[in-house]
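Colleague: Dropping a structure here in C-alpha cells format, bear with me for questions.
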Amino acid sequence: MAEFQGCQLPEDLYYDLDYVWARPGDDGTFTLGVTDPAQTMSGRLQKVRIKKPGTHLEAGRHVATLESGKWAGGVPVPFAGEVVARNDTLLEDPHLINVDPYGDAWIARIRPDSISTVLERLHGGSEAQEELRSWIRRYDVQCMRCAD
Amino acid sequence: MESPIAAVLQQDHARLDRLLESAAEAVRAGRWKEAAVLLERFRHGIVDGHMDVEEKILFPAFERWETDVEHSLTALLKKGHQDLRVFFQEMAETIGASDMEEFLDLLGTVQTILRQHDAKEEAELYPFLADALPDGGGHGRRPAG
Ligand SMILES: [Fe+2]
Ligand SMILES: [Fe+2]
C-alpha cells in the first residue's frame, strides 16, 4: 500500500480528495469512510453519529459527524444518494476510526442516485495519490499507527 | 496592543455566539417559529457577513502577506466554513421538523467547531491583519449582519 508521511493511501480506493474514501461494491452501492490522514488530523475520536439507513442525502451533505475532545466535523457524501447501511459498531467504539480507517471502521454504504455524478466526484489512480500527498503536505500531517 | 480590526472581528465572534445561543434558547422552550427567525438571523450574520468578509478580503490579504506558499491556515479555515455552512442548513431543517434532540446534537457539534475555528483565527490570523491589509485595516469593512 502507498504511504506518505506515515499515512496509508490504498491505491484500490476512490477519493473525494479531501476527507473521504469510497469503495464500489458489486451491487452498485459505495462504501464510504475517512482517510488515514483525515482521521489523524481529527485526533482520538470520542463520538460518532451516522445517518440512519433510508435517509436520502444531496451531494456535500453530512452522512456522519465526528468529534474528538476538541475537534468536530462532518463527513460529506461526494454524491447524492440513499444510505443503505451504517456501521453501528462505530457508535459504540468511535476510536476504531483511528485504528482501522479503511477496514472495520467503514462508516456507511450509499446507493448513488446516478452513476455519472459518482464518476465526476470521485478520483482514483495516480491523480488521486498525487492530490492526497499535497493535501498531507498542505496540512502538515504525520500519521502514526495506533496500536490499541 | 490589539489592533482595531482584530478587536472588531473578535467582538463579532462573540455577537454571533450570542445570536446562536438565543436561537438555541427558543428551541429549548419549544418556540419553533421564533427559533427559525433567530437561526436565520445568525446564519445571515455569519455566512453573508462575517465569513464573506473573511473569504473575500481578509484571507486573500493574509495570503498575499504570509510566506507559507501552501496557505495551510486559510485553506483549513475555508474548509471549516464549508463544513459549517452544511451544518447551518441541517440545523434549520431540524427546526423545520421541530426535532429538538437532533437540533441540540447539531448545536453541540457546531459550537465545538466554532470554538476551535474562532480561537485559531484570533490567535493565528487576526493579529497579523493590521500588517497584511493595505490600509492597516483602519478603514476595513465592518462585518455586516
Ligand atoms: Fe472564519
Ligand atoms: Fe471569524
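In the C-alpha cells, the first chain shown is A, the next is B, and so on; residue numbers restart at 1 for each chain, and ligands run from 1 in the order shown.
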Give the residue list for ligand 1 at 8 Å, counting only C-alpha atoms and all ligand atoms, as an mmCIF file with all heavy atoms, in the first residue's frame, sorted by chain and then by residue number.
Modeller:
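Resulting contents of result-v4.cif:
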```
data_model
loop_
_atom_site.group_PDB
_atom_site.id
_atom_site.type_symbol
_atom_site.label_atom_id
_atom_site.label_comp_id
_atom_site.auth_asym_id
_atom_site.auth_seq_id
_atom_site.Cartn_x
_atom_site.Cartn_y
_atom_site.Cartn_z
ATOM 1 N N HIS B 50 -19.887 37.845 8.259
ATOM 2 C CA HIS B 50 -18.563 37.531 8.796
ATOM 3 C C HIS B 50 -17.685 36.675 7.858
ATOM 4 O O HIS B 50 -16.573 37.069 7.504
ATOM 5 C CB HIS B 50 -18.750 36.832 10.142
ATOM 6 C CG HIS B 50 -17.511 36.708 10.933
ATOM 7 N ND1 HIS B 50 -17.146 37.621 11.899
ATOM 8 C CD2 HIS B 50 -16.516 35.791 10.891
ATOM 9 C CE1 HIS B 50 -15.991 37.253 12.419
ATOM 10 N NE2 HIS B 50 -15.582 36.146 11.830
ATOM 11 N N MET B 51 -18.212 35.524 7.443
ATOM 12 C CA MET B 51 -17.398 34.630 6.597
ATOM 13 C C MET B 51 -17.126 35.246 5.227
ATOM 14 O O MET B 51 -16.063 35.030 4.642
ATOM 15 C CB MET B 51 -18.127 33.296 6.387
ATOM 16 C CG MET B 51 -18.181 32.415 7.614
ATOM 17 S SD MET B 51 -19.125 30.921 7.196
ATOM 18 C CE MET B 51 -19.003 30.027 8.733
ATOM 19 N N GLU B 54 -14.314 37.593 5.577
ATOM 20 C CA GLU B 54 -13.075 36.819 5.751
ATOM 21 C C GLU B 54 -12.600 36.248 4.413
ATOM 22 O O GLU B 54 -11.421 36.373 4.064
ATOM 23 C CB GLU B 54 -13.299 35.690 6.762
ATOM 24 C CG GLU B 54 -13.411 36.225 8.187
ATOM 25 C CD GLU B 54 -13.579 35.148 9.247
ATOM 26 O OE1 GLU B 54 -14.030 34.027 8.930
ATOM 27 O OE2 GLU B 54 -13.273 35.444 10.412
ATOM 28 N N LEU B 77 -9.204 27.063 7.323
ATOM 29 C CA LEU B 77 -10.323 27.912 7.749
ATOM 30 C C LEU B 77 -11.458 27.889 6.721
ATOM 31 O O LEU B 77 -12.633 27.833 7.076
ATOM 32 C CB LEU B 77 -9.843 29.347 7.995
ATOM 33 C CG LEU B 77 -8.875 29.522 9.183
ATOM 34 C CD1 LEU B 77 -8.285 30.923 9.194
ATOM 35 C CD2 LEU B 77 -9.566 29.223 10.514
ATOM 36 N N LYS B 78 -11.088 27.895 5.430
ATOM 37 C CA LYS B 78 -12.117 27.848 4.376
ATOM 38 C C LYS B 78 -12.860 26.515 4.412
ATOM 39 O O LYS B 78 -14.069 26.461 4.191
ATOM 40 C CB LYS B 78 -11.480 28.026 2.991
ATOM 41 C CG LYS B 78 -11.133 29.477 2.662
ATOM 42 C CD LYS B 78 -10.531 29.553 1.265
ATOM 43 C CE LYS B 78 -9.312 30.438 1.261
ATOM 44 N NZ LYS B 78 -8.562 30.424 0.011
ATOM 45 N N GLY B 80 -13.311 24.778 7.059
ATOM 46 C CA GLY B 80 -14.195 24.907 8.222
ATOM 47 C C GLY B 80 -15.473 25.648 7.866
ATOM 48 O O GLY B 80 -16.575 25.237 8.247
ATOM 49 N N HIS B 81 -15.356 26.740 7.099
ATOM 50 C CA HIS B 81 -16.542 27.500 6.683
ATOM 51 C C HIS B 81 -17.496 26.622 5.891
ATOM 52 O O HIS B 81 -18.702 26.647 6.092
ATOM 53 C CB HIS B 81 -16.131 28.700 5.814
ATOM 54 C CG HIS B 81 -15.498 29.813 6.585
ATOM 55 N ND1 HIS B 81 -15.042 30.971 5.988
ATOM 56 C CD2 HIS B 81 -15.241 29.970 7.914
ATOM 57 C CE1 HIS B 81 -14.538 31.774 6.910
ATOM 58 N NE2 HIS B 81 -14.636 31.182 8.088
ATOM 59 N N HIS B 117 -12.458 27.025 15.662
ATOM 60 C CA HIS B 117 -12.244 27.864 14.482
ATOM 61 C C HIS B 117 -11.942 29.310 14.898
ATOM 62 O O HIS B 117 -10.966 29.918 14.442
ATOM 63 C CB HIS B 117 -13.506 27.798 13.612
ATOM 64 C CG HIS B 117 -13.438 28.579 12.339
ATOM 65 N ND1 HIS B 117 -13.037 28.028 11.142
ATOM 66 C CD2 HIS B 117 -13.721 29.878 12.073
ATOM 67 C CE1 HIS B 117 -13.069 28.959 10.199
ATOM 68 N NE2 HIS B 117 -13.488 30.098 10.725
ATOM 69 N N ASP B 118 -12.787 29.846 15.771
ATOM 70 C CA ASP B 118 -12.626 31.238 16.190
ATOM 71 C C ASP B 118 -11.320 31.438 16.956
ATOM 72 O O ASP B 118 -10.618 32.438 16.769
ATOM 73 C CB ASP B 118 -13.822 31.677 17.060
ATOM 74 C CG ASP B 118 -15.119 31.740 16.247
ATOM 75 O OD1 ASP B 118 -15.065 31.537 15.018
ATOM 76 O OD2 ASP B 118 -16.183 31.989 16.858
ATOM 77 N N GLU B 121 -8.469 31.603 14.480
ATOM 78 C CA GLU B 121 -8.421 32.894 13.795
ATOM 79 C C GLU B 121 -7.890 33.993 14.717
ATOM 80 O O GLU B 121 -7.069 34.815 14.313
ATOM 81 C CB GLU B 121 -9.822 33.282 13.300
ATOM 82 C CG GLU B 121 -10.272 32.461 12.109
ATOM 83 C CD GLU B 121 -11.681 32.801 11.638
ATOM 84 O OE1 GLU B 121 -12.440 33.436 12.413
ATOM 85 O OE2 GLU B 121 -12.024 32.423 10.517
#
```
Colleague: Name the residues in contact with Ala38 (chain A) at a cut-off of 9 Å, using only C-alpha atoms, excluding same-chain residues fewer than 2 positions from it; report them as a list in words.
Modeller: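 My reading of the contact set: Asp18, Tyr19, Val20, Val34, Thr35, Asp36, Thr40, Met41, Ser42, Gly43, Ile136 and Val141 of chain A.
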Colleague: Name the residues in contact with Val99 (chain A) at a cut-off of 12 Å, using only C-alpha atoms, excluding same-chain residues fewer than 6 positions from it; report them as JSON, numbers by chain.
Modeller: {"A": [8, 34, 35, 36, 37, 39, 40, 43, 44, 45, 90, 93, 105, 106, 143, 144, 145, 146, 147, 148]}
Colleague: Residues within 9 Å of Leu73 (chain B), please, as a CSV table (one decimal) with N, CA, C and O atoms, in the first residue's frame. Count only C-alpha atoms; anything in the same chain fewer than 3 positions from it doesn't count.
Modeller:
```csv
chain,number,residue,atom,x,y,z
A,138,ARG,N,0.0,20.1,2.7
A,138,ARG,CA,-0.6,21.4,3.0
A,138,ARG,C,-1.0,21.4,4.5
A,138,ARG,O,-0.8,22.5,5.1
A,139,TYR,N,-1.5,20.4,5.0
A,139,TYR,CA,-2.0,20.4,6.4
A,139,TYR,C,-0.9,19.8,7.3
A,139,TYR,O,-1.1,19.7,8.5
B,68,ASP,N,4.0,31.4,3.8
B,68,ASP,CA,3.6,30.0,3.6
B,68,ASP,C,3.0,29.8,2.2
B,68,ASP,O,1.8,30.2,2.0
B,70,GLU,N,1.9,27.2,0.8
B,70,GLU,CA,0.8,26.3,0.8
B,70,GLU,C,-0.5,26.9,1.3
B,70,GLU,O,-1.6,26.4,1.2
B,76,LEU,N,-7.4,25.6,5.7
B,76,LEU,CA,-8.1,25.0,6.8
B,76,LEU,C,-9.3,25.7,7.2
B,76,LEU,O,-10.4,25.2,7.5
B,77,LEU,N,-9.2,27.1,7.3
B,77,LEU,CA,-10.3,27.9,7.7
B,77,LEU,C,-11.5,27.9,6.7
B,77,LEU,O,-12.6,27.8,7.1
B,78,LYS,N,-11.1,27.9,5.4
B,78,LYS,CA,-12.1,27.8,4.4
B,78,LYS,C,-12.9,26.5,4.4
B,78,LYS,O,-14.1,26.5,4.2
B,120,LYS,N,-8.6,29.8,16.6
B,120,LYS,CA,-7.5,29.7,15.6
B,120,LYS,C,-7.3,31.0,14.9
B,120,LYS,O,-6.2,31.6,14.8
B,121,GLU,N,-8.5,31.6,14.5
B,121,GLU,CA,-8.4,32.9,13.8
B,121,GLU,C,-7.9,34.0,14.7
B,121,GLU,O,-7.1,34.8,14.3
B,124,GLU,N,-4.0,33.1,15.3
B,124,GLU,CA,-3.1,32.9,14.2
B,124,GLU,C,-3.3,33.8,13.0
B,124,GLU,O,-2.4,34.0,12.1
B,125,LEU,N,-4.5,34.5,12.9
B,125,LEU,CA,-4.8,35.3,11.7
B,125,LEU,C,-5.0,36.8,12.1
B,125,LEU,O,-4.3,37.6,11.5
```
Colleague: Please identify every residue of chain B that has at least one atom no farther than 7 Å from an atom of chain A, counting only C-alpha atoms, and for each give the shortest atom pair and the distance in Å to one decimal, arranged by chain then increasing number, as a Markdown table.
Modeller:
```
| residue | atom | partner | partner_atom | distance |
| --- | --- | --- | --- | --- |
| B:Glu70 | CA | A:Arg138 | CA | 5.6 |
| B:Ser72 | CA | A:Arg138 | CA | 5.4 |
| B:Asp83 | CA | A:Gly74 | CA | 6.5 |
| B:Val86 | CA | A:Arg61 | CA | 6.3 |
| B:Thr109 | CA | A:Ala72 | CA | 6.0 |
| B:Thr112 | CA | A:Ala72 | CA | 6.2 |
| B:Ile113 | CA | A:Ala72 | CA | 5.5 |
```
Colleague: Take the residues from that selection and write them out as a PDB file, in the first residue's frame, keeping N, CA, C and O atoms.
Modeller:
```pdb
ATOM      1  N   GLU B  70       1.886  27.242   0.819  1.00  0.00           N
ATOM      2  CA  GLU B  70       0.774  26.280   0.832  1.00  0.00           C
ATOM      3  C   GLU B  70      -0.523  26.932   1.331  1.00  0.00           C
ATOM      4  O   GLU B  70      -1.604  26.385   1.156  1.00  0.00           O
ATOM      5  N   SER B  72      -1.682  27.043   4.310  1.00  0.00           N
ATOM      6  CA  SER B  72      -2.314  25.991   5.113  1.00  0.00           C
ATOM      7  C   SER B  72      -3.409  26.540   6.023  1.00  0.00           C
ATOM      8  O   SER B  72      -4.475  25.944   6.158  1.00  0.00           O
ATOM      9  N   ASP B  83     -17.811  23.374   5.895  1.00  0.00           N
ATOM     10  CA  ASP B  83     -18.420  22.394   6.790  1.00  0.00           C
ATOM     11  C   ASP B  83     -19.542  23.057   7.605  1.00  0.00           C
ATOM     12  O   ASP B  83     -20.634  22.511   7.753  1.00  0.00           O
ATOM     13  N   VAL B  86     -22.886  23.696   5.785  1.00  0.00           N
ATOM     14  CA  VAL B  86     -23.732  22.497   5.699  1.00  0.00           C
ATOM     15  C   VAL B  86     -24.440  22.262   7.039  1.00  0.00           C
ATOM     16  O   VAL B  86     -25.639  21.977   7.096  1.00  0.00           O
ATOM     17  N   THR B 109     -22.144  20.090  18.268  1.00  0.00           N
ATOM     18  CA  THR B 109     -21.073  19.934  17.277  1.00  0.00           C
ATOM     19  C   THR B 109     -20.663  21.291  16.714  1.00  0.00           C
ATOM     20  O   THR B 109     -19.471  21.608  16.639  1.00  0.00           O
ATOM     21  N   THR B 112     -18.668  23.366  19.126  1.00  0.00           N
ATOM     22  CA  THR B 112     -17.284  22.875  19.224  1.00  0.00           C
ATOM     23  C   THR B 112     -16.461  23.367  18.035  1.00  0.00           C
ATOM     24  O   THR B 112     -15.339  23.850  18.191  1.00  0.00           O
ATOM     25  N   ILE B 113     -17.034  23.261  16.839  1.00  0.00           N
ATOM     26  CA  ILE B 113     -16.313  23.699  15.633  1.00  0.00           C
ATOM     27  C   ILE B 113     -16.026  25.200  15.719  1.00  0.00           C
ATOM     28  O   ILE B 113     -14.904  25.644  15.469  1.00  0.00           O
TER      29      ILE B 113
END
```
